[in-house]
file protein-v1.tsv (TSV, C-alpha atoms)
chain	number	residue	atom	x	y	z
A	1	MET	CA	14.61	-80.85	88.31
A	2	ARG	CA	11.34	-78.99	87.92
A	3	VAL	CA	7.79	-80.25	87.74
A	4	HIS	CA	4.87	-78.46	86.15
A	5	ALA	CA	2.38	-79.14	88.92
A	6	GLU	CA	1.88	-76.28	91.35
A	7	PRO	CA	0.44	-77.25	94.74
A	8	ARG	CA	-1.60	-74.98	96.98
A	9	PRO	CA	-1.29	-74.96	100.75
A	10	LEU	CA	-4.08	-76.60	102.70
A	11	GLN	CA	-4.63	-74.24	105.61
A	12	ALA	CA	-8.12	-75.20	106.73
A	13	PRO	CA	-10.11	-78.46	106.85
A	14	LEU	CA	-11.73	-79.69	103.68
A	15	GLN	CA	-15.49	-79.56	103.30
A	16	GLY	CA	-17.62	-82.56	104.22
A	17	GLY	CA	-16.99	-82.90	107.93
A	18	SER	CA	-19.86	-83.76	110.24
A	19	VAL	CA	-20.25	-84.00	114.01
A	20	ASN	CA	-19.15	-87.35	115.48
A	21	ALA	CA	-18.42	-88.75	112.02
A	22	THR	CA	-16.87	-92.19	111.74
A	23	VAL	CA	-15.56	-93.86	108.62
A	24	MET	CA	-15.39	-97.25	106.95
A	25	VAL	CA	-12.00	-98.50	105.73
A	26	GLU	CA	-11.26	-101.25	103.20
A	27	PRO	CA	-7.59	-102.26	102.87
A	28	LEU	CA	-6.59	-103.04	99.29
A	29	ILE	CA	-3.60	-104.88	97.88
A	30	ALA	CA	-2.85	-103.38	94.48
A	31	GLY	CA	0.23	-105.25	93.31
A	32	GLU	CA	3.47	-106.42	94.84
A	33	PHE	CA	7.22	-106.08	94.43
A	34	GLN	CA	10.35	-107.89	95.50
A	35	SER	CA	12.47	-106.73	98.40
A	36	PRO	CA	15.61	-108.07	100.08
A	37	PRO	CA	14.72	-108.89	103.70
A	38	ALA	CA	17.49	-106.60	104.95
A	39	ALA	CA	15.83	-103.59	103.32
A	40	GLN	CA	12.76	-104.20	105.48
A	41	GLU	CA	14.50	-105.35	108.67
A	42	TYR	CA	18.23	-104.78	108.83
A	43	GLU	CA	20.08	-107.20	111.12
A	44	GLY	CA	23.54	-105.72	110.67
A	45	GLN	CA	24.51	-107.59	107.52
A	46	ARG	CA	27.71	-106.22	106.01
A	47	LEU	CA	27.54	-105.10	102.38
A	48	TRP	CA	23.89	-106.09	102.40
A	49	LYS	CA	23.08	-104.51	99.04
A	50	LEU	CA	25.89	-106.30	97.24
A	51	SER	CA	25.03	-109.64	98.79
A	52	ALA	CA	21.30	-109.13	98.26
A	53	PHE	CA	21.58	-108.90	94.49
A	54	GLY	CA	23.82	-111.92	94.53
A	55	ARG	CA	21.19	-113.94	96.40
A	56	ARG	CA	17.98	-112.80	94.80
A	57	ALA	CA	16.32	-116.13	95.51
A	58	ASN	CA	16.08	-115.01	99.15
A	59	TRP	CA	14.07	-111.89	98.35
A	60	ILE	CA	10.47	-111.67	99.47
A	61	TRP	CA	7.34	-110.48	97.71
A	62	VAL	CA	5.68	-107.65	99.64
A	63	PRO	CA	2.22	-106.12	99.11
A	64	VAL	CA	1.60	-102.68	97.66
A	65	PRO	CA	-1.12	-101.13	99.83
A	66	ALA	CA	-3.95	-98.73	99.19
A	67	PHE	CA	-7.04	-97.97	101.26
A	68	PHE	CA	-10.60	-97.15	100.28
A	69	ILE	CA	-12.42	-95.00	102.83
A	70	ARG	CA	-16.10	-94.04	102.96
A	71	HIS	CA	-16.78	-90.79	104.82
A	72	PRO	CA	-20.42	-89.89	105.55
A	73	GLY	CA	-20.02	-86.31	104.37
A	74	ALA	CA	-16.96	-86.22	102.12
A	75	GLY	CA	-17.77	-89.42	100.24
A	76	PRO	CA	-15.26	-91.96	98.87
A	77	ILE	CA	-11.58	-91.33	99.63
A	78	LEU	CA	-8.34	-93.12	98.79
A	79	VAL	CA	-5.12	-93.38	100.72
A	80	ASP	CA	-2.30	-94.02	98.22
A	81	THR	CA	-2.98	-95.33	94.73
A	82	GLY	CA	-1.50	-98.81	94.36
A	83	LEU	CA	0.31	-99.79	91.16
A	84	HIS	CA	-0.74	-98.41	87.80
A	85	ALA	CA	-2.51	-100.85	85.49
A	86	SER	CA	0.36	-100.60	82.98
A	87	ILE	CA	2.57	-102.54	85.42
A	88	SER	CA	0.75	-105.67	84.23
A	89	SER	CA	2.22	-105.37	80.75
A	90	ASP	CA	5.22	-103.02	80.87
A	91	PRO	CA	6.53	-102.00	84.32
A	92	LYS	CA	9.22	-99.74	82.83
A	93	GLN	CA	6.56	-97.42	81.45
A	94	ASN	CA	5.45	-96.41	84.94
A	95	PHE	CA	8.31	-97.34	87.29
A	96	GLY	CA	11.20	-96.52	85.00
A	97	ARG	CA	13.92	-98.90	83.90
A	98	THR	CA	16.02	-98.84	87.08
A	99	ALA	CA	13.23	-99.36	89.63
A	100	SER	CA	11.57	-102.00	87.45
A	101	TRP	CA	14.79	-103.97	87.27
A	102	ALA	CA	15.51	-103.55	90.97
A	103	VAL	CA	12.18	-104.57	92.54
A	104	ARG	CA	10.28	-106.27	89.67
A	105	PRO	CA	6.81	-104.89	90.40
A	106	GLN	CA	3.91	-107.00	89.27
A	107	LEU	CA	0.18	-106.55	89.11
A	108	ALA	CA	-2.46	-109.08	88.17
A	109	PRO	CA	-5.15	-108.00	85.68
A	110	GLY	CA	-8.02	-106.41	87.58
A	111	GLU	CA	-5.88	-105.83	90.67
A	112	ASP	CA	-5.29	-102.12	90.08
A	113	VAL	CA	-7.24	-99.75	92.31
A	114	PRO	CA	-9.61	-98.39	89.63
A	115	ALA	CA	-10.61	-101.95	88.71
A	116	GLN	CA	-11.13	-102.83	92.38
A	117	LEU	CA	-13.29	-99.74	92.83
A	118	ARG	CA	-15.43	-100.65	89.84
A	119	SER	CA	-15.89	-104.15	91.27
A	120	ARG	CA	-17.39	-102.42	94.32
A	121	GLY	CA	-19.75	-100.36	92.19
A	122	ILE	CA	-17.62	-97.20	92.52
A	123	ASP	CA	-16.70	-95.19	89.44
A	124	PRO	CA	-13.07	-94.05	89.95
A	125	ARG	CA	-14.21	-90.56	88.97
A	126	GLU	CA	-16.23	-90.47	92.19
A	127	ILE	CA	-12.98	-90.34	94.17
A	128	LYS	CA	-12.60	-86.68	95.04
A	129	ILE	CA	-9.85	-86.92	97.65
A	130	VAL	CA	-6.63	-88.94	97.56
A	131	ILE	CA	-4.31	-88.82	100.55
A	132	LEU	CA	-0.71	-89.67	99.71
A	133	THR	CA	1.31	-90.96	102.66
A	134	HIS	CA	4.37	-90.14	100.57
A	135	LEU	CA	5.43	-89.97	96.93
A	136	HIS	CA	7.60	-93.06	96.47
A	137	VAL	CA	7.07	-95.01	93.27
A	138	ASP	CA	4.95	-97.75	94.83
A	139	HIS	CA	2.54	-95.30	96.49
A	140	ALA	CA	2.10	-92.65	93.77
A	141	SER	CA	2.18	-95.05	90.81
A	142	ALA	CA	-1.46	-94.53	89.76
A	143	VAL	CA	-1.94	-90.82	90.51
A	144	SER	CA	-2.78	-90.28	86.84
A	145	GLU	CA	-5.95	-92.39	87.18
A	146	PHE	CA	-7.70	-89.84	89.42
A	147	PRO	CA	-7.58	-86.53	87.53
A	148	ASP	CA	-10.71	-85.15	89.23
A	149	ALA	CA	-9.41	-85.69	92.76
A	150	THR	CA	-7.78	-83.35	95.24
A	151	PHE	CA	-4.46	-84.87	96.31
A	152	VAL	CA	-3.27	-84.19	99.86
A	153	VAL	CA	0.43	-84.58	100.68
A	154	SER	CA	2.78	-83.05	103.22
A	155	ALA	CA	4.55	-79.89	102.13
A	156	PHE	CA	7.97	-81.25	103.06
A	157	GLU	CA	7.35	-84.43	101.05
A	158	TRP	CA	6.32	-82.44	97.99
A	159	GLU	CA	9.42	-80.26	98.26
A	160	ALA	CA	11.72	-83.27	98.62
A	161	ALA	CA	10.16	-85.20	95.74
A	162	THR	CA	10.15	-82.28	93.31
A	163	THR	CA	13.55	-80.69	93.99
A	164	ASP	CA	15.88	-83.67	94.43
A	165	ARG	CA	18.51	-83.77	91.69
A	166	ASN	CA	18.54	-87.57	91.74
A	167	PRO	CA	14.94	-88.52	92.53
A	168	THR	CA	15.38	-92.14	91.42
A	169	LEU	CA	17.93	-92.69	94.19
A	170	ARG	CA	15.29	-91.54	96.70
A	171	ALA	CA	12.58	-93.81	95.20
A	172	TYR	CA	10.73	-90.91	93.54
A	173	ARG	CA	9.59	-90.81	89.93
A	174	PRO	CA	8.18	-87.33	89.23
A	175	ALA	CA	6.61	-88.48	85.96
A	176	GLN	CA	4.06	-90.36	88.07
A	177	PHE	CA	2.67	-87.20	89.66
A	178	ASP	CA	3.74	-84.35	87.38
A	179	TYR	CA	0.22	-83.53	86.25
A	180	VAL	CA	-1.67	-80.27	86.52
A	181	PHE	CA	-3.95	-81.72	89.18
A	182	ASP	CA	-5.27	-80.22	92.39
A	183	TYR	CA	-2.44	-80.83	94.86
A	184	ARG	CA	-2.86	-79.50	98.38
A	185	THR	CA	0.08	-79.50	100.78
A	186	VAL	CA	-0.05	-79.67	104.57
A	187	ASP	CA	2.69	-77.75	106.38
A	188	PHE	CA	3.10	-79.46	109.73
A	189	ALA	CA	5.02	-76.47	111.08
A	190	ALA	CA	2.18	-74.04	110.39
A	191	GLU	CA	-0.79	-72.85	112.42
A	192	GLY	CA	-3.71	-75.24	112.66
A	193	ILE	CA	-1.47	-78.20	113.49
A	194	ASP	CA	-2.31	-79.96	116.72
A	195	SER	CA	-1.37	-83.09	118.61
A	196	TYR	CA	-3.53	-86.18	118.85
A	197	SER	CA	-2.84	-88.70	121.57
A	198	THR	CA	0.81	-89.76	121.11
A	199	PHE	CA	1.23	-88.05	117.73
A	200	GLY	CA	2.94	-84.70	118.11
A	201	ARG	CA	1.82	-83.08	114.86
A	202	THR	CA	-1.51	-83.85	113.19
A	203	PHE	CA	-3.95	-82.16	110.84
A	204	ASP	CA	-7.69	-82.77	111.16
A	205	LEU	CA	-8.58	-83.21	107.48
A	206	PHE	CA	-12.32	-82.49	107.76
A	207	GLY	CA	-12.38	-80.73	111.12
A	208	ASP	CA	-14.51	-83.49	112.63
A	209	GLY	CA	-11.85	-85.86	113.97
A	210	SER	CA	-12.76	-88.62	111.52
A	211	ILE	CA	-9.49	-88.56	109.57
A	212	ARG	CA	-6.31	-87.11	110.98
A	213	LEU	CA	-3.04	-86.81	109.10
A	214	ALA	CA	-0.14	-87.58	111.44
A	215	TYR	CA	3.32	-86.34	110.55
A	216	THR	CA	5.63	-89.37	110.68
A	217	PRO	CA	8.77	-88.43	108.72
A	218	GLY	CA	11.85	-90.58	108.48
A	219	HIS	CA	11.06	-93.24	105.92
A	220	SER	CA	10.85	-90.35	103.49
A	221	ALA	CA	11.40	-86.66	104.08
A	222	GLY	CA	7.76	-85.77	104.73
A	223	HIS	CA	5.96	-89.05	105.30
A	224	MET	CA	2.44	-89.00	106.81
A	225	SER	CA	0.36	-91.66	108.52
A	226	VAL	CA	-3.45	-91.54	108.57
A	227	VAL	CA	-5.57	-92.03	111.68
A	228	CYS	CA	-9.16	-93.03	110.89
A	229	ARG	CA	-11.93	-93.07	113.48
A	230	LEU	CA	-14.11	-96.16	113.39
A	231	ARG	CA	-17.19	-96.66	115.57
A	232	ASP	CA	-15.29	-98.02	118.58
A	233	ARG	CA	-11.57	-97.74	117.82
A	234	ASP	CA	-9.01	-96.11	115.57
A	235	PHE	CA	-7.61	-97.56	112.37
A	236	VAL	CA	-4.09	-96.27	111.75
A	237	ILE	CA	-2.63	-96.43	108.26
A	238	ALA	CA	1.03	-96.29	109.24
A	239	GLY	CA	2.21	-96.22	105.64
A	240	ASP	CA	5.91	-96.94	105.52
A	241	ALA	CA	6.60	-95.35	108.90
A	242	VAL	CA	6.93	-99.01	109.83
A	243	TYR	CA	7.37	-101.73	107.24
A	244	THR	CA	6.48	-104.65	109.52
A	245	GLN	CA	4.44	-105.34	112.63
A	246	ARG	CA	7.61	-106.41	114.44
A	247	GLN	CA	8.94	-102.86	114.17
A	248	LEU	CA	6.10	-101.77	116.46
A	249	THR	CA	7.46	-104.03	119.18
A	250	GLY	CA	11.17	-103.27	118.89
A	251	GLY	CA	12.02	-105.36	115.84
A	252	ALA	CA	14.95	-104.56	113.56
A	253	GLU	CA	14.94	-101.21	111.78
A	254	PRO	CA	14.92	-100.82	107.99
A	255	ALA	CA	18.31	-100.59	106.33
A	256	GLU	CA	18.15	-97.10	104.85
A	257	PRO	CA	15.42	-94.70	105.95
A	258	ALA	CA	15.80	-91.19	104.60
A	259	ASP	CA	16.37	-89.89	108.14
A	260	ARG	CA	16.97	-92.50	110.83
A	261	HIS	CA	16.55	-90.08	113.73
A	262	ASN	CA	13.13	-88.96	112.50
A	263	TRP	CA	12.21	-92.55	111.65
A	264	ARG	CA	12.85	-93.58	115.25
A	265	ARG	CA	10.81	-90.69	116.60
A	266	SER	CA	7.92	-91.57	114.30
A	267	ARG	CA	8.10	-95.23	115.24
A	268	GLN	CA	8.05	-94.26	118.90
A	269	GLU	CA	4.84	-92.28	118.41
A	270	LEU	CA	3.25	-95.33	116.77
A	271	GLN	CA	4.55	-97.66	119.48
A	272	LEU	CA	3.19	-95.47	122.25
A	273	PHE	CA	-0.16	-95.25	120.48
A	274	ALA	CA	-0.28	-99.05	120.22
A	275	ARG	CA	0.38	-99.36	123.96
A	276	GLU	CA	-2.16	-96.72	124.93
A	277	PHE	CA	-4.85	-98.10	122.61
A	278	PRO	CA	-4.31	-101.86	122.26
A	279	GLU	CA	-7.68	-102.22	120.55
A	280	ALA	CA	-6.58	-99.93	117.69
A	281	ILE	CA	-5.52	-101.42	114.38
A	282	ILE	CA	-2.14	-100.19	113.15
A	283	VAL	CA	-1.36	-101.36	109.63
A	284	PRO	CA	2.33	-101.52	108.61
A	285	GLY	CA	3.27	-100.78	105.04
A	286	HIS	CA	4.69	-103.97	103.56
A	287	ASP	CA	4.26	-106.89	105.95
A	288	PRO	CA	2.95	-109.93	103.98
A	289	SER	CA	2.04	-111.87	107.13
A	290	PHE	CA	0.10	-108.98	108.66
A	291	TRP	CA	-1.72	-108.19	105.44
A	292	SER	CA	-2.79	-111.80	105.02
A	293	GLN	CA	-4.72	-111.51	108.32
A	294	LEU	CA	-6.51	-108.23	107.64
A	295	GLU	CA	-10.25	-108.21	107.23
A	296	GLY	CA	-11.85	-106.87	104.09
A	297	ARG	CA	-13.69	-104.04	105.85
A	298	TYR	CA	-13.48	-102.12	109.11
A	299	GLU	CA	-16.29	-99.91	110.42
call {"tool": "encode", "arguments": {"input": "protein-v1.tsv", "output": "structure tokens"}}
result
Amino acid sequence: MRVHAEPRPLQAPLQGGSVNATVMVEPLIAGEFQSPPAAQEYEGQRLWKLSAFGRRANWIWVPVPAFFIRHPGAGPILVDTGLHASISSDPKQNFGRTASWAVRPQLAPGEDVPAQLRSRGIDPREIKIVILTHLHVDHASAVSEFPDATFVVSAFEWEAATTDRNPTLRAYRPAQFDYVFDYRTVDFAAEGIDSYSTFGRTFDLFGDGSIRLAYTPGHSAGHMSVVCRLRDRDFVIAGDAVYTQRQLTGGAEPAEPADRHNWRRSRQELQLFAREFPEAIIVPGHDPSFWSQLEGRYE
């Protein structure tokens, strides 16, 4: 498989950083999909996939997250894109036939990220930076809606998503991101990578400590989490490094991470961070209960 997009390595911080900068974060729910509980938290069920499709009534609806960030120098930023507006009318167009049948994504009119931005008085074209925690179908679904943005993704994630012979089996759909856009890849094995607290490998996106990309592979080959500095605490977008809040406290692991060893290491970094900074907010990827308690804005 080959995509037409050609990324460039991101070897230095992006412009816009400022001394002692803090950010504002607004969590967004941009759609939902169905998931068997065992996929999120695997309790040792035998033949769980076979039994799951036979008992679909037990599946749960989980949120599709995105995050709107205001940076004082770099301006408006997104983390992940939510579901594409076309999901409202024809999910197969964006997700593909197999994924649409498997997880039944749905999106209410006006719930897509561009519509939510406009409701806040933000033209989607003002978004100049989009951070992608990873490239799975539910996180990269609406990449096409931000053609003027610079997209930041880990180098290993880009390689995995664009070279896999069976991307659908790994939850990738290259058609979602195969555009000649400005993709910048972060190599977490290169120079300029540093640690931050309990995270072993991080990249300071603006060189001012306001937004750090933390390498948390395991859920996918090159997954990243995002550490945002608020006025008096950190706000950690864990992405799918943990699906649920319980996984931060020793709860059951997901059924099939891409690399279980790396997933456990990444979870441990998040767990240690939670213990060291109990005031920090760590947002799991697809926990309906946790998301129902989130505030609309964090500063």
call {"tool": "residues_around", "arguments": {"input": "protein-v1.tsv", "residues": "stretch 134-147 of chain A", "least_positions_apart": "5", "cutoff": "8 Å", "atoms": "all atoms listed in the file", "output": "PyMOL selection string"}}
result
chain A and resi 64-66+80-85+94-95+114+124-125+127+153-154+157-158+161+170-173+176-177+179+181+220+222-224
call {"tool": "residues_around", "arguments": {"input": "protein-v1.tsv", "residues": "A:Asn262", "least_positions_apart": "4", "cutoff": "7 Å", "atoms": "all atoms listed in the file", "output": "MDAnalysis selection string"}}
result
chainID A and resid 217:218 266
call {"tool": "residues_around", "arguments": {"input": "protein-v1.tsv", "residues": "A:Asp90", "least_positions_apart": "2", "cutoff": "12 Å", "atoms": "all atoms listed in the file", "output": "list of chain:residue names"}}
result
A:Leu83, A:His84, A:Ala85, A:Ser86, A:Ile87, A:Ser88, A:Lys92, A:Gln93, A:Asn94, A:Phe95, A:Gly96, A:Arg97, A:Ser100, A:Trp101, A:Arg104, A:Pro105, A:Gln106, A:Leu107
call {"tool": "closest_residue", "arguments": {"input": "protein-v1.tsv", "among": "A:Asp208, A:Glu26, A:Thr168, A:Ser197", "to": "A:Arg120", "atoms": "all atoms listed in the file"}}
result
A:Glu26
call {"tool": "residues_around", "arguments": {"input": "protein-v1.tsv", "residues": "A:Trp61", "least_positions_apart": "3", "cutoff": "7 Å", "atoms": "all atoms listed in the file", "output": "PyMOL selection string"}}
result
chain A and resi 32-35
call {"tool": "closest_atom_pairs", "arguments": {"input": "protein-v1.tsv", "of": "stretch 105-205 of chain A", "to": "stretch 269-275 of chain A", "cutoff": "9 Å", "atoms": "only C-alpha atoms", "output": "JSON lines"}}
result
{"residue": "A:Ser197", "atom": "CA", "partner": "A:Phe273", "partner_atom": "CA", "distance": 7.2}
{"residue": "A:Thr198", "atom": "CA", "partner": "A:Glu269", "partner_atom": "CA", "distance": 5.5}
{"residue": "A:Phe199", "atom": "CA", "partner": "A:Glu269", "partner_atom": "CA", "distance": 5.6}
{"residue": "A:Gly200", "atom": "CA", "partner": "A:Glu269", "partner_atom": "CA", "distance": 7.8}
call {"tool": "atom_distance", "arguments": {"input": "protein-v1.tsv", "atom1": "atom CA of A:Glu126", "atom2": "atom CA of A:Pro76"}}
result
6.9 Å
call {"tool": "atom_distance", "arguments": {"input": "protein-v1.tsv", "atom1": "atom CA of A:Val19", "atom2": "atom CA of A:Phe206"}}
result
10.2 Å
call {"tool": "atom_distance", "arguments": {"input": "protein-v1.tsv", "atom1": "atom CA of A:Ala21", "atom2": "atom CA of A:Val152"}}
result
20.0 Å
call {"tool": "closest_residue", "arguments": {"input": "protein-v1.tsv", "among": "A:His286, A:Arg212, A:Arg201, A:Lys49", "to": "A:Ala241", "atoms": "all atoms listed in the file"}}
result
A:His286
call {"tool": "decode", "arguments": {"input": "protein-v1.tsv", "residues": "stretch 136-167 of chain A", "atoms": "N, CA and C atoms", "output": "compact mmCIF listing (two decimals), in the first residue's frame"}}
result
# COMPACT_ATOMS: atom_id res chain seq x y z
N HIS A 136 -6.00 5.89 13.85
CA HIS A 136 -7.15 4.99 13.74
C HIS A 136 -8.36 5.74 13.20
N VAL A 137 -9.31 4.97 12.68
CA VAL A 137 -10.42 5.57 11.93
C VAL A 137 -11.24 6.57 12.74
N ASP A 138 -11.36 6.36 14.04
CA ASP A 138 -12.19 7.25 14.84
C ASP A 138 -11.44 8.51 15.28
N HIS A 139 -10.15 8.59 15.04
CA HIS A 139 -9.37 9.76 15.43
C HIS A 139 -8.94 10.60 14.23
N ALA A 140 -8.81 9.98 13.07
CA ALA A 140 -8.39 10.70 11.86
C ALA A 140 -9.54 10.89 10.87
N SER A 141 -10.75 10.62 11.30
CA SER A 141 -11.90 10.61 10.40
C SER A 141 -12.09 11.92 9.64
N ALA A 142 -11.86 13.06 10.30
CA ALA A 142 -12.16 14.36 9.68
C ALA A 142 -10.91 15.15 9.32
N VAL A 143 -9.80 14.48 9.08
CA VAL A 143 -8.57 15.16 8.65
C VAL A 143 -8.84 16.06 7.44
N SER A 144 -9.66 15.61 6.52
CA SER A 144 -9.91 16.36 5.29
C SER A 144 -10.50 17.74 5.53
N GLU A 145 -11.09 17.97 6.69
CA GLU A 145 -11.76 19.24 6.97
C GLU A 145 -10.81 20.35 7.39
N PHE A 146 -9.51 20.06 7.48
CA PHE A 146 -8.55 21.06 7.94
C PHE A 146 -7.36 21.14 6.98
N PRO A 147 -7.62 21.49 5.72
CA PRO A 147 -6.55 21.45 4.71
C PRO A 147 -5.45 22.48 4.92
N ASP A 148 -5.71 23.53 5.70
CA ASP A 148 -4.70 24.56 5.92
C ASP A 148 -3.85 24.30 7.16
N ALA A 149 -4.10 23.20 7.85
CA ALA A 149 -3.41 22.93 9.10
C ALA A 149 -2.12 22.15 8.88
N THR A 150 -1.23 22.25 9.85
CA THR A 150 -0.08 21.36 9.97
C THR A 150 -0.48 20.22 10.90
N PHE A 151 -0.34 19.00 10.43
CA PHE A 151 -0.71 17.82 11.21
C PHE A 151 0.55 17.21 11.82
N VAL A 152 0.50 16.98 13.13
CA VAL A 152 1.65 16.43 13.85
C VAL A 152 1.30 15.03 14.32
N VAL A 153 2.13 14.06 13.96
CA VAL A 153 1.90 12.65 14.29
C VAL A 153 3.26 12.00 14.53
N SER A 154 3.30 10.93 15.27
CA SER A 154 4.59 10.28 15.50
C SER A 154 5.06 9.58 14.23
N ALA A 155 6.37 9.56 14.05
CA ALA A 155 6.93 8.95 12.84
C ALA A 155 6.60 7.47 12.75
N PHE A 156 6.65 6.77 13.88
CA PHE A 156 6.37 5.33 13.88
C PHE A 156 4.90 5.08 13.54
N GLU A 157 4.01 5.94 14.01
CA GLU A 157 2.60 5.78 13.70
C GLU A 157 2.35 5.98 12.21
N TRP A 158 2.97 7.00 11.64
CA TRP A 158 2.81 7.26 10.21
C TRP A 158 3.31 6.06 9.40
N GLU A 159 4.46 5.55 9.76
CA GLU A 159 5.01 4.40 9.04
C GLU A 159 4.06 3.20 9.13
N ALA A 160 3.56 2.92 10.32
CA ALA A 160 2.68 1.77 10.50
C ALA A 160 1.39 1.93 9.70
N ALA A 161 0.81 3.12 9.72
CA ALA A 161 -0.48 3.34 9.08
C ALA A 161 -0.39 3.38 7.56
N THR A 162 0.78 3.70 7.04
CA THR A 162 0.90 3.86 5.59
C THR A 162 1.62 2.72 4.90
N THR A 163 2.10 1.72 5.64
CA THR A 163 2.81 0.60 5.02
C THR A 163 2.16 -0.75 5.30
N ASP A 164 1.18 -0.79 6.19
CA ASP A 164 0.54 -2.06 6.52
C ASP A 164 -0.22 -2.59 5.30
N ARG A 165 -0.05 -3.86 5.00
CA ARG A 165 -0.72 -4.45 3.85
C ARG A 165 -2.21 -4.65 4.09
N ASN A 166 -2.60 -4.72 5.35
CA ASN A 166 -4.02 -4.89 5.69
C ASN A 166 -4.42 -3.83 6.71
N PRO A 167 -4.45 -2.55 6.29
CA PRO A 167 -4.68 -1.48 7.26
C PRO A 167 -6.02 -1.59 7.98
